[in-house]
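**Q** Just passing along the structure, written as structure tokens.
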Number of protein chains: 2
Amino acid sequence: MNSYLKQALIEAKEGIQKQEGGPFGAVIVYNNKIIAAAHNEVLVNHDPTAHAEINAIRKASAILKTHDLKDCVIYSTCEPCPMCLAAIIWANIKTVYYGCSKKDASLIGFRDEDIYEYLKGHKKMVDLKQIDYEECLKVMQEYQNKQGKIY
Amino acid sequence: MNSYLKQALIEAKEGIQKQEGGPFGAVIVYNNKIIAAAHNEVLVNHDPTAHAEINAIRKASAILKTHDLKDCVIYSTCEPCPMCLAAIIWANIKTVYYGCSKKDASLIGFRDEDIYEYLKGHKKMVDLKQIDYEECLKVMQEYQNKQGKIY
């Protein structure tokens, strides 16, 4: 099998063995080298965002000292959930290799497919209520008018 | 204005003033008290996942020592991006109050709307390639068969 994905699987197995979270691992590759490897740590870290891909992105960004991972590729043992997929886009990663599908994740009890359906407008999961628009917009406009913004 | 969202705005302003990231702030409320307040730290932390809502969720989870924030409400100065919205769902938060819309975020240069369109299947942003399915599925099944899984 692919040697990078194999390392991601080793991470997933480590997570299972230590009971640190769901059975998911990911690695990030830069210049043909793995620069970050991680597994799901939702349980051990008390952190619902600590999915394998998020953890790997955070490690890789820290190592490269930039939030822009445009020259990186990510390998994940499972198709990224919407949180991780959006994180991959924010990180400017263009290519994702994955093993299991979101359907497989659902079959073992994870809500990946539900969240995808929700984001397509096919399911209700969260109440979103807009308030205090004017006050919030003012601060955004302040930012927009500010010189030297670099994001 | 709403006193919780006001605190989120104070966070956003702090982030702008310190140039730590985009102009976004969020707070998490539990038992009518703010237990976590955060702003976007993508730039200062070299972390593309360090949006205000993600940072607030990570802080609140650490404080409550659980990944399950089902009794919390989140207030954000802007409608959450898909990464943050999915994180909110993973955290079991049921209600989100927000000020600006994703359209406002797009108008100042952020890709929130594009990512929403991508997740609806209307836009191409990332190459997703499935490989080594059998090997990865085996590890998921291992997890499923394991006694005592608690996620």
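Identifiers in the structure tokens: chain A, B, ... in order shown; residue index from 1 per chain; ligand index from 1 in order shown.
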Residues within 10 Å of B:Val126, please, as a PyMOL selection string. Count only C-alpha atoms; anything in the same chain fewer than 3 positions from it doesn't count.
**A** (chain A and resi 85-86+88-89+92-96) or (chain B and resi 118+123+129)
**Q** Once you count only C-alpha atoms, which residues of chain B turn out to be within 6 Å of chain A? Could you give them as a PDB file with C-alpha atoms, in the first residue's frame?
**A**
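This is the output file out38.pdb:
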ATOM      1  CA  HIS B  46       0.564  29.883  12.256  1.00  0.00           C
ATOM      2  CA  ASP B  47      -2.565  27.756  12.442  1.00  0.00           C
ATOM      3  CA  PRO B  48      -5.205  27.766   9.691  1.00  0.00           C
ATOM      4  CA  THR B  49      -7.659  26.087  12.092  1.00  0.00           C
ATOM      5  CA  ARG B  58     -11.021  24.162  22.577  1.00  0.00           C
ATOM      6  CA  SER B  61     -13.709  21.816  26.429  1.00  0.00           C
ATOM      7  CA  ALA B  62     -10.453  22.062  28.351  1.00  0.00           C
ATOM      8  CA  LYS B  65     -12.826  18.533  30.799  1.00  0.00           C
ATOM      9  CA  THR B  66     -15.107  17.036  28.154  1.00  0.00           C
ATOM     10  CA  HIS B  67     -15.470  17.130  24.380  1.00  0.00           C
ATOM     11  CA  THR B  77     -19.350  38.007  15.690  1.00  0.00           C
ATOM     12  CA  MET B  83     -15.167  24.209   9.567  1.00  0.00           C
ATOM     13  CA  ALA B  86     -19.068  21.298  11.847  1.00  0.00           C
ATOM     14  CA  ALA B  87     -16.893  21.722  14.962  1.00  0.00           C
ATOM     15  CA  TRP B  90     -19.132  17.682  16.876  1.00  0.00           C
ATOM     16  CA  ALA B  91     -19.129  19.577  20.204  1.00  0.00           C
ATOM     17  CA  LYS B  94     -27.203  23.271  19.684  1.00  0.00           C
ATOM     18  CA  THR B  95     -27.534  27.063  19.419  1.00  0.00           C
ATOM     19  CA  VAL B  96     -25.383  29.676  17.703  1.00  0.00           C
ATOM     20  CA  TYR B  97     -25.962  33.422  17.886  1.00  0.00           C
ATOM     21  CA  TYR B  98     -24.029  35.415  15.310  1.00  0.00           C
ATOM     22  CA  GLY B  99     -23.730  38.999  14.049  1.00  0.00           C
ATOM     23  CA  CYS B 100     -22.365  39.370  10.499  1.00  0.00           C
ATOM     24  CA  LYS B 120     -23.022  21.645  -1.594  1.00  0.00           C
ATOM     25  CA  VAL B 126      -9.885  20.018  -3.489  1.00  0.00           C
ATOM     26  CA  ASP B 127      -8.918  16.749  -5.193  1.00  0.00           C
ATOM     27  CA  LEU B 128     -10.124  13.804  -3.115  1.00  0.00           C
ATOM     28  CA  LYS B 129      -8.642  10.450  -4.132  1.00  0.00           C
ATOM     29  CA  GLN B 130      -9.537   7.139  -2.503  1.00  0.00           C
ATOM     30  CA  ILE B 131      -6.730   4.556  -2.233  1.00  0.00           C
ATOM     31  CA  ASP B 132      -5.926   1.434  -0.191  1.00  0.00           C
ATOM     32  CA  TYR B 133      -9.509   0.932   0.942  1.00  0.00           C
ATOM     33  CA  CYS B 136      -7.861   1.052   6.011  1.00  0.00           C
ATOM     34  CA  LEU B 137     -11.198  -0.688   6.494  1.00  0.00           C
TER      35      LEU B 137
END
**Q** State, in Å with one decimal place, the distance from atom CA of B:Ala37 to atom CA of B:Lys18.
**A**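 Computing it gives 15.9 Å between the two atoms.
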**Q** How would you write, as a list in words, the set of residues in stretch 109-148 of chain A that DSSP gives as strand (DSSP E)?
**A**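 Matching residues for strand (DSSP E) in stretch 109-148 of chain A are Asp127, Leu128, Lys129 and Gln130 of chain A.
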**Q** Output the selection as a PDB file, in the first residue's frame - N, CA and C atoms for each residue.
**A**
ATOM      1  N   ASP A 127     -29.359  25.383  15.649  1.00  0.00           N
ATOM      2  CA  ASP A 127     -30.127  26.629  15.486  1.00  0.00           C
ATOM      3  C   ASP A 127     -29.165  27.788  15.286  1.00  0.00           C
ATOM      4  N   LEU A 128     -29.283  28.483  14.177  1.00  0.00           N
ATOM      5  CA  LEU A 128     -28.431  29.644  13.898  1.00  0.00           C
ATOM      6  C   LEU A 128     -29.299  30.895  13.950  1.00  0.00           C
ATOM      7  N   LYS A 129     -28.968  31.814  14.851  1.00  0.00           N
ATOM      8  CA  LYS A 129     -29.801  33.013  15.019  1.00  0.00           C
ATOM      9  C   LYS A 129     -28.966  34.279  14.869  1.00  0.00           C
ATOM     10  N   GLN A 130     -29.353  35.114  13.928  1.00  0.00           N
ATOM     11  CA  GLN A 130     -28.597  36.361  13.705  1.00  0.00           C
ATOM     12  C   GLN A 130     -29.120  37.466  14.613  1.00  0.00           C
TER      13      GLN A 130
END
**Q** Name the residues of chain A that fall into alpha helix (DSSP H) according to DSSP on the backbone, using the chain letters and numbers of this document, as a VMD selection string.
**A** chain A and resid 3 to 18 52 to 64 82 to 90 102 to 107 112 to 119 133 to 145
**Q** Report the distance between atom CA of A:Glu53 and atom CA of A:Lys33 in Å, rounded to one decimal place.
**A** 16.6 Å
**Q** Using only C-alpha atoms, find the one residue out of A:Ala52, A:His122, A:Asp114, A:Tyr4 that sits nearest to A:Ala26.
**A** A:Ala52
